[in-house]
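Coordinates as given in protein17.cif (mmCIF, C-alpha atoms):
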```cif
data_target
loop_
_atom_site.group_PDB
_atom_site.id
_atom_site.type_symbol
_atom_site.label_atom_id
_atom_site.label_comp_id
_atom_site.auth_asym_id
_atom_site.auth_seq_id
_atom_site.Cartn_x
_atom_site.Cartn_y
_atom_site.Cartn_z
ATOM 1 C CA MET A 56 -72.703 143.108 8.035
ATOM 2 C CA SER A 57 -70.080 141.056 9.870
ATOM 3 C CA GLU A 58 -68.513 141.445 13.277
ATOM 4 C CA GLN A 59 -65.227 142.176 11.561
ATOM 5 C CA GLY A 60 -66.749 145.114 9.683
ATOM 6 C CA ASP A 61 -66.772 148.788 10.501
ATOM 7 C CA GLU A 62 -69.436 148.375 13.193
ATOM 8 C CA LEU A 63 -66.969 146.615 15.493
ATOM 9 C CA ALA A 64 -63.766 148.280 14.341
ATOM 10 C CA ILE A 65 -62.622 149.034 17.897
ATOM 11 C CA ARG A 66 -58.860 148.898 18.159
ATOM 12 C CA ARG A 67 -58.095 151.407 20.897
ATOM 13 C CA ILE A 68 -60.043 151.834 24.137
ATOM 14 C CA LEU A 69 -59.348 154.788 26.418
ATOM 15 C CA VAL A 70 -60.291 154.530 30.074
ATOM 16 C CA ALA A 71 -60.282 157.632 32.275
ATOM 17 C CA LEU A 72 -58.895 156.745 35.698
ATOM 18 C CA ASP A 73 -58.894 158.623 38.993
ATOM 19 C CA ALA A 74 -58.511 155.649 41.371
ATOM 20 C CA SER A 75 -62.183 155.935 42.432
ATOM 21 C CA HIS A 76 -64.342 152.814 42.651
ATOM 22 C CA HIS A 77 -66.393 153.991 39.669
ATOM 23 C CA SER A 78 -63.358 154.456 37.422
ATOM 24 C CA LEU A 79 -61.970 151.079 38.482
ATOM 25 C CA ALA A 80 -65.286 149.489 37.490
ATOM 26 C CA ALA A 81 -64.955 151.261 34.138
ATOM 27 C CA LEU A 82 -61.438 149.834 33.834
ATOM 28 C CA GLU A 83 -62.628 146.269 34.380
ATOM 29 C CA ALA A 84 -65.403 146.668 31.817
ATOM 30 C CA ALA A 85 -63.004 148.243 29.321
ATOM 31 C CA ALA A 86 -60.461 145.468 29.827
ATOM 32 C CA GLU A 87 -63.103 142.799 29.194
ATOM 33 C CA LEU A 88 -64.109 144.560 25.990
ATOM 34 C CA ALA A 89 -60.504 144.977 24.893
ATOM 35 C CA ALA A 90 -59.877 141.267 25.385
ATOM 36 C CA SER A 91 -62.942 140.222 23.386
ATOM 37 C CA LEU A 92 -62.246 142.695 20.568
ATOM 38 C CA LYS A 93 -58.449 142.249 20.539
ATOM 39 C CA ALA A 94 -58.092 145.962 21.195
ATOM 40 C CA GLU A 95 -55.422 147.952 23.007
ATOM 41 C CA LEU A 96 -56.222 149.598 26.321
ATOM 42 C CA GLU A 97 -54.947 153.022 27.324
ATOM 43 C CA GLY A 98 -55.323 154.418 30.820
ATOM 44 C CA LEU A 99 -55.398 158.168 31.347
ATOM 45 C CA PHE A 100 -54.955 159.973 34.651
ATOM 46 C CA VAL A 101 -55.425 163.747 34.669
ATOM 47 C CA GLU A 102 -53.781 165.834 37.375
ATOM 48 C CA ASP A 103 -56.497 168.380 37.988
ATOM 49 C CA ILE A 104 -54.879 171.773 37.570
ATOM 50 C CA ARG A 105 -57.712 173.408 39.479
ATOM 51 C CA LEU A 106 -56.869 171.366 42.571
ATOM 52 C CA LEU A 107 -53.210 172.289 42.237
ATOM 53 C CA ARG A 108 -54.065 175.966 41.950
ATOM 54 C CA ALA A 109 -56.433 175.770 44.899
ATOM 55 C CA ALA A 110 -53.714 174.167 47.004
ATOM 56 C CA THR A 111 -51.643 177.345 46.689
ATOM 57 C CA LEU A 112 -54.350 179.424 48.391
ATOM 58 C CA PRO A 113 -53.860 179.870 52.162
ATOM 59 C CA VAL A 114 -57.595 179.733 52.919
ATOM 60 C CA VAL A 115 -58.152 176.297 51.371
ATOM 61 C CA ARG A 116 -58.498 173.344 53.753
ATOM 62 C CA GLU A 117 -59.178 169.660 53.194
ATOM 63 C CA VAL A 118 -62.250 168.424 55.071
ATOM 64 C CA ARG A 119 -62.068 164.752 56.039
ATOM 65 C CA PHE A 120 -65.085 162.477 55.910
ATOM 66 C CA PRO A 121 -67.300 162.492 57.918
ATOM 67 C CA PHE A 122 -66.471 166.174 58.248
ATOM 68 C CA ASP A 123 -65.140 166.010 61.806
ATOM 69 C CA SER A 124 -61.650 167.295 61.032
ATOM 70 C CA SER A 125 -59.800 169.417 58.504
ATOM 71 C CA ASP A 126 -56.206 170.013 57.489
ATOM 72 C CA ALA A 127 -54.427 172.779 55.683
ATOM 73 C CA LEU A 128 -53.985 171.922 52.019
ATOM 74 C CA ASP A 129 -50.674 172.896 50.450
ATOM 75 C CA LEU A 130 -49.184 172.331 47.020
ATOM 76 C CA PRO A 131 -46.535 169.705 47.918
ATOM 77 C CA ARG A 132 -49.126 167.616 49.722
ATOM 78 C CA MET A 133 -51.574 167.850 46.845
ATOM 79 C CA GLN A 134 -48.856 166.846 44.393
ATOM 80 C CA ARG A 135 -48.003 163.811 46.528
ATOM 81 C CA GLU A 136 -51.641 162.762 46.714
ATOM 82 C CA LEU A 137 -52.094 163.062 42.958
ATOM 83 C CA ARG A 138 -48.931 161.043 42.318
ATOM 84 C CA ALA A 139 -50.188 158.360 44.709
ATOM 85 C CA GLN A 140 -53.544 158.208 42.935
ATOM 86 C CA ALA A 141 -51.842 157.988 39.546
ATOM 87 C CA ALA A 142 -49.623 155.152 40.784
ATOM 88 C CA MET A 143 -52.677 153.287 42.079
ATOM 89 C CA ALA A 144 -54.441 153.742 38.743
ATOM 90 C CA ALA A 145 -51.363 152.552 36.824
ATOM 91 C CA ARG A 146 -51.134 149.394 38.959
ATOM 92 C CA ALA A 147 -54.815 148.649 38.430
ATOM 93 C CA LEU A 148 -54.397 149.009 34.662
ATOM 94 C CA GLN A 149 -51.332 146.768 34.625
ATOM 95 C CA GLU A 150 -53.111 144.067 36.625
ATOM 96 C CA ALA A 151 -56.198 144.219 34.409
ATOM 97 C CA CYS A 152 -54.093 143.869 31.262
ATOM 98 C CA GLN A 153 -51.922 141.073 32.647
ATOM 99 C CA ALA A 154 -54.966 139.090 33.760
ATOM 100 C CA ARG A 155 -56.364 139.173 30.216
ATOM 101 C CA GLN A 156 -53.094 139.182 28.278
ATOM 102 C CA ILE A 157 -53.876 142.396 26.438
ATOM 103 C CA LYS A 158 -51.666 145.326 25.552
ATOM 104 C CA GLY A 159 -52.011 148.381 27.748
ATOM 105 C CA THR A 160 -50.386 151.780 28.171
ATOM 106 C CA PHE A 161 -50.735 154.472 30.811
ATOM 107 C CA ARG A 162 -50.117 158.179 30.767
ATOM 108 C CA VAL A 163 -50.548 161.183 33.024
ATOM 109 C CA LEU A 164 -51.644 164.616 31.836
ATOM 110 C CA ARG A 165 -51.977 167.870 33.736
ATOM 111 C CA GLY A 166 -54.924 170.107 32.957
ATOM 112 C CA GLN A 167 -58.655 170.442 33.464
ATOM 113 C CA VAL A 168 -60.094 166.959 33.731
ATOM 114 C CA THR A 169 -63.097 167.072 31.404
ATOM 115 C CA PRO A 170 -61.452 168.894 28.454
ATOM 116 C CA SER A 171 -58.354 166.698 28.767
ATOM 117 C CA VAL A 172 -60.380 163.491 28.685
ATOM 118 C CA MET A 173 -62.520 164.702 25.802
ATOM 119 C CA ARG A 174 -59.478 165.619 23.704
ATOM 120 C CA ALA A 175 -57.803 162.296 24.388
ATOM 121 C CA ALA A 176 -61.001 160.436 23.471
ATOM 122 C CA LEU A 177 -60.815 161.826 19.939
ATOM 123 C CA GLN A 178 -57.823 159.536 19.347
ATOM 124 C CA ALA A 179 -59.613 156.419 20.628
ATOM 125 C CA ASP A 180 -62.418 154.246 19.284
ATOM 126 C CA LEU A 181 -64.164 153.988 22.638
ATOM 127 C CA LEU A 182 -64.036 155.953 25.885
ATOM 128 C CA SER A 183 -64.764 154.148 29.154
ATOM 129 C CA LEU A 184 -65.234 156.051 32.402
ATOM 130 C CA GLY A 185 -67.014 155.948 35.701
ATOM 131 C CA ALA A 186 -70.522 157.356 35.686
ATOM 132 C CA THR A 187 -69.459 159.417 38.687
ATOM 133 C CA SER A 188 -66.542 159.535 41.103
ATOM 134 C CA ARG A 189 -65.888 159.777 44.822
ATOM 135 C CA PRO A 190 -69.533 159.844 45.945
ATOM 136 C CA LEU A 191 -70.574 161.324 49.278
ATOM 137 C CA VAL A 192 -74.151 160.109 48.941
ATOM 138 C CA GLN A 193 -75.580 156.659 48.366
ATOM 139 C CA ARG A 194 -76.790 157.358 44.828
ATOM 140 C CA PRO A 195 -74.542 160.036 43.318
ATOM 141 C CA ALA A 196 -75.455 162.188 40.373
ATOM 142 C CA LEU A 197 -73.850 161.822 36.980
ATOM 143 C CA GLY A 198 -70.316 163.215 37.084
ATOM 144 C CA SER A 199 -69.382 166.281 35.049
ATOM 145 C CA THR A 200 -66.938 164.379 32.825
ATOM 146 C CA ALA A 201 -69.423 161.561 32.250
ATOM 147 C CA ARG A 202 -72.089 164.133 31.445
ATOM 148 C CA ALA A 203 -69.874 165.860 28.872
ATOM 149 C CA ALA A 204 -68.800 162.560 27.307
ATOM 150 C CA ALA A 205 -72.381 161.296 27.057
ATOM 151 C CA THR A 206 -73.729 164.418 25.383
ATOM 152 C CA GLN A 207 -70.742 165.722 23.408
ATOM 153 C CA SER A 208 -68.424 162.860 22.444
ATOM 154 C CA PRO A 209 -68.816 161.840 18.778
ATOM 155 C CA GLY A 210 -67.618 158.292 19.455
ATOM 156 C CA LEU A 211 -68.532 155.304 21.586
ATOM 157 C CA VAL A 212 -68.830 155.972 25.320
ATOM 158 C CA LEU A 213 -69.116 153.339 28.056
ATOM 159 C CA LEU A 214 -70.370 154.524 31.455
ATOM 160 C CA VAL A 215 -70.037 152.214 34.449
ATOM 161 C CA ARG A 216 -71.044 152.610 38.091
ATOM 162 C CA ARG A 217 -69.266 151.156 41.098
ATOM 163 C CA GLY A 218 -69.949 147.466 41.603
ATOM 164 C CA ARG A 219 -71.354 146.968 38.108
ATOM 165 C CA ARG A 220 -70.066 144.992 35.151
ATOM 166 C CA ILE A 221 -71.286 144.120 31.665
ATOM 167 C CA GLU A 222 -73.421 141.006 31.985
ATOM 168 C CA GLY A 223 -76.603 139.542 30.584
ATOM 169 C CA PRO A 224 -79.258 140.095 29.685
ATOM 170 C CA ILE A 225 -78.170 142.738 27.201
ATOM 171 C CA VAL A 226 -80.768 145.337 26.230
ATOM 172 C CA ALA A 227 -80.440 147.474 23.087
ATOM 173 C CA THR A 228 -82.482 150.247 21.555
ATOM 174 C CA LEU A 229 -83.467 150.200 17.903
ATOM 175 C CA ALA A 230 -84.843 153.136 15.951
ATOM 176 C CA SER A 231 -84.647 154.417 12.409
ATOM 177 C CA GLU A 232 -81.444 156.308 13.144
ATOM 178 C CA PRO A 233 -78.055 156.202 11.341
ATOM 179 C CA ALA A 234 -76.450 154.280 14.214
ATOM 180 C CA ALA A 235 -78.994 151.435 14.252
ATOM 181 C CA GLN A 236 -76.764 148.827 12.594
ATOM 182 C CA ARG A 237 -73.801 149.657 14.791
ATOM 183 C CA THR A 238 -76.001 149.476 17.883
ATOM 184 C CA LEU A 239 -77.174 146.004 16.889
ATOM 185 C CA ALA A 240 -73.659 144.810 16.100
ATOM 186 C CA LEU A 241 -72.295 145.884 19.480
ATOM 187 C CA ALA A 242 -75.312 144.537 21.351
ATOM 188 C CA ALA A 243 -74.987 141.168 19.624
ATOM 189 C CA HIS A 244 -71.292 141.025 20.475
ATOM 190 C CA LEU A 245 -71.983 141.704 24.148
ATOM 191 C CA ALA A 246 -74.885 139.262 24.236
ATOM 192 C CA ASN A 247 -72.753 136.489 22.728
ATOM 193 C CA ARG A 248 -70.302 136.971 25.590
ATOM 194 C CA SER A 249 -72.971 137.291 28.298
ATOM 195 C CA GLY A 250 -75.204 134.246 27.997
ATOM 196 C CA GLY A 251 -76.747 134.779 24.565
ATOM 197 C CA TYR A 252 -79.812 136.771 25.678
ATOM 198 C CA LEU A 253 -80.700 140.005 23.902
ATOM 199 C CA THR A 254 -83.737 142.224 24.315
ATOM 200 C CA ILE A 255 -84.350 144.839 21.624
ATOM 201 C CA LEU A 256 -86.445 147.848 22.519
ATOM 202 C CA ILE A 257 -87.981 149.039 19.246
ATOM 203 C CA LEU A 258 -88.818 152.728 19.443
ATOM 204 C CA ALA A 259 -91.567 153.346 16.930
ATOM 205 C CA GLU A 260 -94.864 155.189 17.158
ATOM 206 C CA GLN A 261 -96.394 153.314 14.241
ATOM 207 C CA ALA A 262 -96.920 149.547 14.244
ATOM 208 C CA GLU A 263 -95.869 149.298 10.612
ATOM 209 C CA GLN A 264 -92.546 150.982 11.327
ATOM 210 C CA ALA A 265 -91.981 148.696 14.312
ATOM 211 C CA GLN A 266 -92.639 145.606 12.182
ATOM 212 C CA GLN A 267 -90.194 146.810 9.557
ATOM 213 C CA LEU A 268 -87.459 147.451 12.119
ATOM 214 C CA ARG A 269 -88.072 144.052 13.716
ATOM 215 C CA ALA A 270 -87.839 142.307 10.351
ATOM 216 C CA GLN A 271 -84.577 144.067 9.541
ATOM 217 C CA ALA A 272 -83.091 143.195 12.922
ATOM 218 C CA GLY A 273 -84.297 139.602 12.723
ATOM 219 C CA GLU A 274 -82.750 139.123 9.304
ATOM 220 C CA TRP A 275 -79.351 140.237 10.484
ATOM 221 C CA LEU A 276 -79.501 138.431 13.844
ATOM 222 C CA ARG A 277 -80.692 135.135 12.346
ATOM 223 C CA SER A 278 -77.214 133.586 12.269
ATOM 224 C CA ARG A 279 -76.049 134.995 15.613
ATOM 225 C CA ARG A 280 -77.263 132.136 17.799
ATOM 226 C CA LEU A 281 -78.947 134.492 20.221
ATOM 227 C CA LEU A 282 -82.195 134.295 22.120
ATOM 228 C CA VAL A 283 -83.773 137.560 21.010
ATOM 229 C CA ARG A 284 -86.818 139.215 22.514
ATOM 230 C CA TYR A 285 -88.472 142.254 20.936
ATOM 231 C CA ARG A 286 -90.441 144.905 22.755
ATOM 232 C CA ARG A 287 -92.051 147.952 21.203
ATOM 233 C CA LEU A 288 -91.978 151.355 22.895
ATOM 234 C CA THR A 289 -94.210 154.015 21.363
ATOM 235 C CA GLU A 290 -92.705 156.917 23.293
ATOM 236 C CA LYS A 291 -89.111 158.183 23.222
ATOM 237 C CA SER A 292 -88.612 159.541 26.719
ATOM 238 C CA SER A 293 -86.119 159.025 29.513
ATOM 239 C CA ALA A 294 -88.842 157.840 31.901
ATOM 240 C CA VAL A 295 -90.230 155.225 29.499
ATOM 241 C CA LEU A 296 -86.773 153.938 28.602
ATOM 242 C CA ALA A 297 -85.625 153.795 32.228
ATOM 243 C CA GLU A 298 -88.742 151.841 33.209
ATOM 244 C CA ALA A 299 -88.244 149.377 30.348
ATOM 245 C CA VAL A 300 -84.577 148.828 31.204
ATOM 246 C CA ASP A 301 -85.536 148.169 34.825
ATOM 247 C CA GLN A 302 -88.330 145.774 33.872
ATOM 248 C CA GLU A 303 -85.979 143.820 31.623
ATOM 249 C CA ARG A 304 -83.458 143.544 34.487
ATOM 250 C CA SER A 305 -80.795 144.742 32.100
ATOM 251 C CA GLY A 306 -77.184 143.801 32.772
ATOM 252 C CA ALA A 307 -76.051 146.374 30.216
ATOM 253 C CA LEU A 308 -77.771 148.817 27.891
ATOM 254 C CA VAL A 309 -76.558 149.518 24.351
ATOM 255 C CA LEU A 310 -78.150 152.854 23.579
ATOM 256 C CA ASP A 311 -78.360 154.754 20.320
ATOM 257 C CA GLY A 312 -77.135 158.173 21.437
ATOM 258 C CA ALA A 313 -79.239 159.968 18.828
ATOM 259 C CA ILE A 314 -82.557 158.786 20.233
ATOM 260 C CA LEU A 315 -82.816 161.369 23.016
ATOM 261 C CA PRO A 316 -81.882 165.042 23.259
ATOM 262 C CA ALA A 317 -79.080 165.906 25.683
ATOM 263 C CA GLU A 318 -81.258 166.771 28.686
ATOM 264 C CA ALA A 319 -83.378 163.644 28.371
ATOM 265 C CA LEU A 320 -80.273 161.517 27.871
ATOM 266 C CA GLU A 321 -78.804 162.847 31.109
ATOM 267 C CA GLU A 322 -82.061 162.057 32.924
ATOM 268 C CA LEU A 323 -81.962 158.490 31.608
ATOM 269 C CA LEU A 324 -78.354 157.968 32.671
ATOM 270 C CA GLU A 325 -79.210 159.294 36.134
ATOM 271 C CA GLY A 326 -82.078 156.844 36.422
ATOM 272 C CA ILE A 327 -80.429 153.501 35.588
ATOM 273 C CA GLU A 328 -77.732 151.513 37.349
ATOM 274 C CA CYS A 329 -76.438 149.123 34.696
ATOM 275 C CA PRO A 330 -73.483 149.916 32.405
ATOM 276 C CA VAL A 331 -74.464 151.951 29.353
ATOM 277 C CA LEU A 332 -72.695 151.799 25.995
ATOM 278 C CA LEU A 333 -73.625 154.914 24.019
ATOM 279 C CA VAL A 334 -73.419 154.446 20.272
ATOM 280 C CA ARG A 335 -73.237 157.054 17.572
ATOM 281 C CA GLN A 336 -72.775 156.584 13.875
ATOM 282 C CA SER A 337 -69.059 156.381 13.070
ATOM 283 C CA GLU A 338 -67.669 158.921 10.652
#
```

The structure given in the file should be rewritten as structure tokens.
Amino acid sequence: MSEQGDELAIRRILVALDASHHSLAALEAAAELAASLKAELEGLFVEDIRLLRAATLPVVREVRFPFDSSDALDLPRMQRELRAQAAMAARALQEACQARQIKGTFRVLRGQVTPSVMRAALQADLLSLGATSRPLVQRPALGSTARAAATQSPGLVLLVRRGRRIEGPIVATLASEPAAQRTLALAAHLANRSGGYLTILILAEQAEQAQQLRAQAGEWLRSRRLLVRYRRLTEKSSAVLAEAVDQERSGALVLDGAILPAEALEELLEGIECPVLLVRQSE
């Protein structure tokens, strides 16, 4: 396997933007990846049709933080606010691309946010988005679009929280799943760009299986010039994985998306702060 093979064939990265701090963090991470992989970056802003419909109702009011005032919400005002947010997102994308000398495009769609993003992601090699958006609490829950992307998208998904970026040490999961080689390839790429440190969490109940997976990974990583640390986990659960990621002080997690069922995967993503790159076997 080589870094120019199918495992790293990422030519188009889609980033979902809503001008929130979380989506802007996702933009920065996506731009860094695009620069290192010589990929194109596409920004997508979705005008939420539900908000536009709600703005036509006379009983709807906008409550201002910290909830001490409210204003009537009408359609023209909502349209202006959405255009302003889209313009802010477009400027952020342009600046990110110019700073890294990469090609970028931007488009605006009108529709329901999650389905629109999911459809657009089918035409990209990787989807990057904020883990949540516009939080009203200190530690917000996983956003609905992030939740859908993490559990339903067939491709690569990068989830980033506000104030976070991809940095070392990189932690990756390894199991006897179809996406194992792709997970290793992406983790090695990130580790090479983030200090050269890589921790591999081997998920295997049996010691013999763990040794086999470690030998396979070591053979491929031998020429990568990385400092690799292996750690065996005998249980595949969100709690065990979250604890291991925290103990390793992970700067980014490359996670085989097939390891956990949907509910457990959501629990894991709720419980960790670092960026997460979800990997599934490419078609």

| field | Residues returned when the PyMOL selection byres ((chain A and resi 312) around 12) runs on this file, as an MDAnalysis selection string | value | chainID A and resid 204:213 227:230 232:235 237:238 308:311 313:321 323:324 331:337

| query | Got a sec: who's within 10 Å of Leu177 (chain A), counting all atoms listed in the file, leaving out chain neighbours fewer than 3 positions off, as a list in words? | reply |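 Those residues are Leu69, Val172, Met173, Arg174, Asp180, Leu181, Leu182, Ser208, Pro209 and Gly210 of chain A.
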
| message | Quick check on the file I pasted: which residues fall under the PyMOL selection byres ((chain A and resi 225) around 12)? Write them as an NGL selection string. | response | :A and (220-224 or 226-228 or 238-239 or 241-256 or 281-284 or 300-301 or 303-310 or 329-332)

| note | Counting all atoms listed in the file, closest pick from A:Thr111, A:Thr187, A:Ser199, A:Gln178 relative to Arg216 (chain A) is A:Thr187

Run the PyMOL selection byres ((chain A and resi 275) around 10) on the file and write out the hits as an mmCIF file with C-alpha atoms, in the coordinates of the input.
```cif
data_model
loop_
_atom_site.group_PDB
_atom_site.id
_atom_site.type_symbol
_atom_site.label_atom_id
_atom_site.label_comp_id
_atom_site.auth_asym_id
_atom_site.auth_seq_id
_atom_site.Cartn_x
_atom_site.Cartn_y
_atom_site.Cartn_z
ATOM 1 C CA MET A 56 -72.703 143.108 8.035
ATOM 2 C CA SER A 57 -70.080 141.056 9.870
ATOM 3 C CA GLN A 236 -76.764 148.827 12.594
ATOM 4 C CA LEU A 239 -77.174 146.004 16.889
ATOM 5 C CA ALA A 240 -73.659 144.810 16.100
ATOM 6 C CA ALA A 270 -87.839 142.307 10.351
ATOM 7 C CA GLN A 271 -84.577 144.067 9.541
ATOM 8 C CA ALA A 272 -83.091 143.195 12.922
ATOM 9 C CA GLY A 273 -84.297 139.602 12.723
ATOM 10 C CA GLU A 274 -82.750 139.123 9.304
ATOM 11 C CA LEU A 276 -79.501 138.431 13.844
ATOM 12 C CA ARG A 277 -80.692 135.135 12.346
ATOM 13 C CA SER A 278 -77.214 133.586 12.269
ATOM 14 C CA ARG A 279 -76.049 134.995 15.613
#
```

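Between CA of Gln134 (chain A) and CA of Leu99 (chain A) the interatomic distance comes to 17.0 Å.
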
| Residues within 12 Å of Glu95 (chain A), only C-alpha atoms, excluding chain neighbours under 4 positions, as number ranges by chain | A: 65-70, 85-91, 148, 152, 155-161, 179-181

| query | Of the residues A:Arg108, A:Lys93, A:His76, A:Lys291, which is the one nearest to Gln167 (chain A), using all atoms listed in the file? | reply |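 The closest residue to Gln167 (chain A) is A:Arg108.
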
| request: Would you work out the distance separating CA of Thr200 (chain A) from CA of Ser183 (chain A), expressed in Å to one decimal? | output: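 Result for CA of Thr200 (chain A) versus CA of Ser183 (chain A): 11.1 Å, one decimal.
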
| Within 12 Å of Gln140 (chain A), counting only C-alpha atoms, which residues qualify if same-chain residues fewer than 6 places away don't, as number ranges by chain? | A: 72-75, 78-79, 99-103, 133-134, 146-147, 163

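In this model, the gap between CA of Ser293 (chain A) and CA of Glu260 (chain A) comes to 15.6 Å.
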
| field | Of the listed residues A:Gln266, A:Glu136, A:Gly166, A:Gln261, that which approaches Thr289 (chain A) most closely, counting only C-alpha atoms | value | A:Gln261
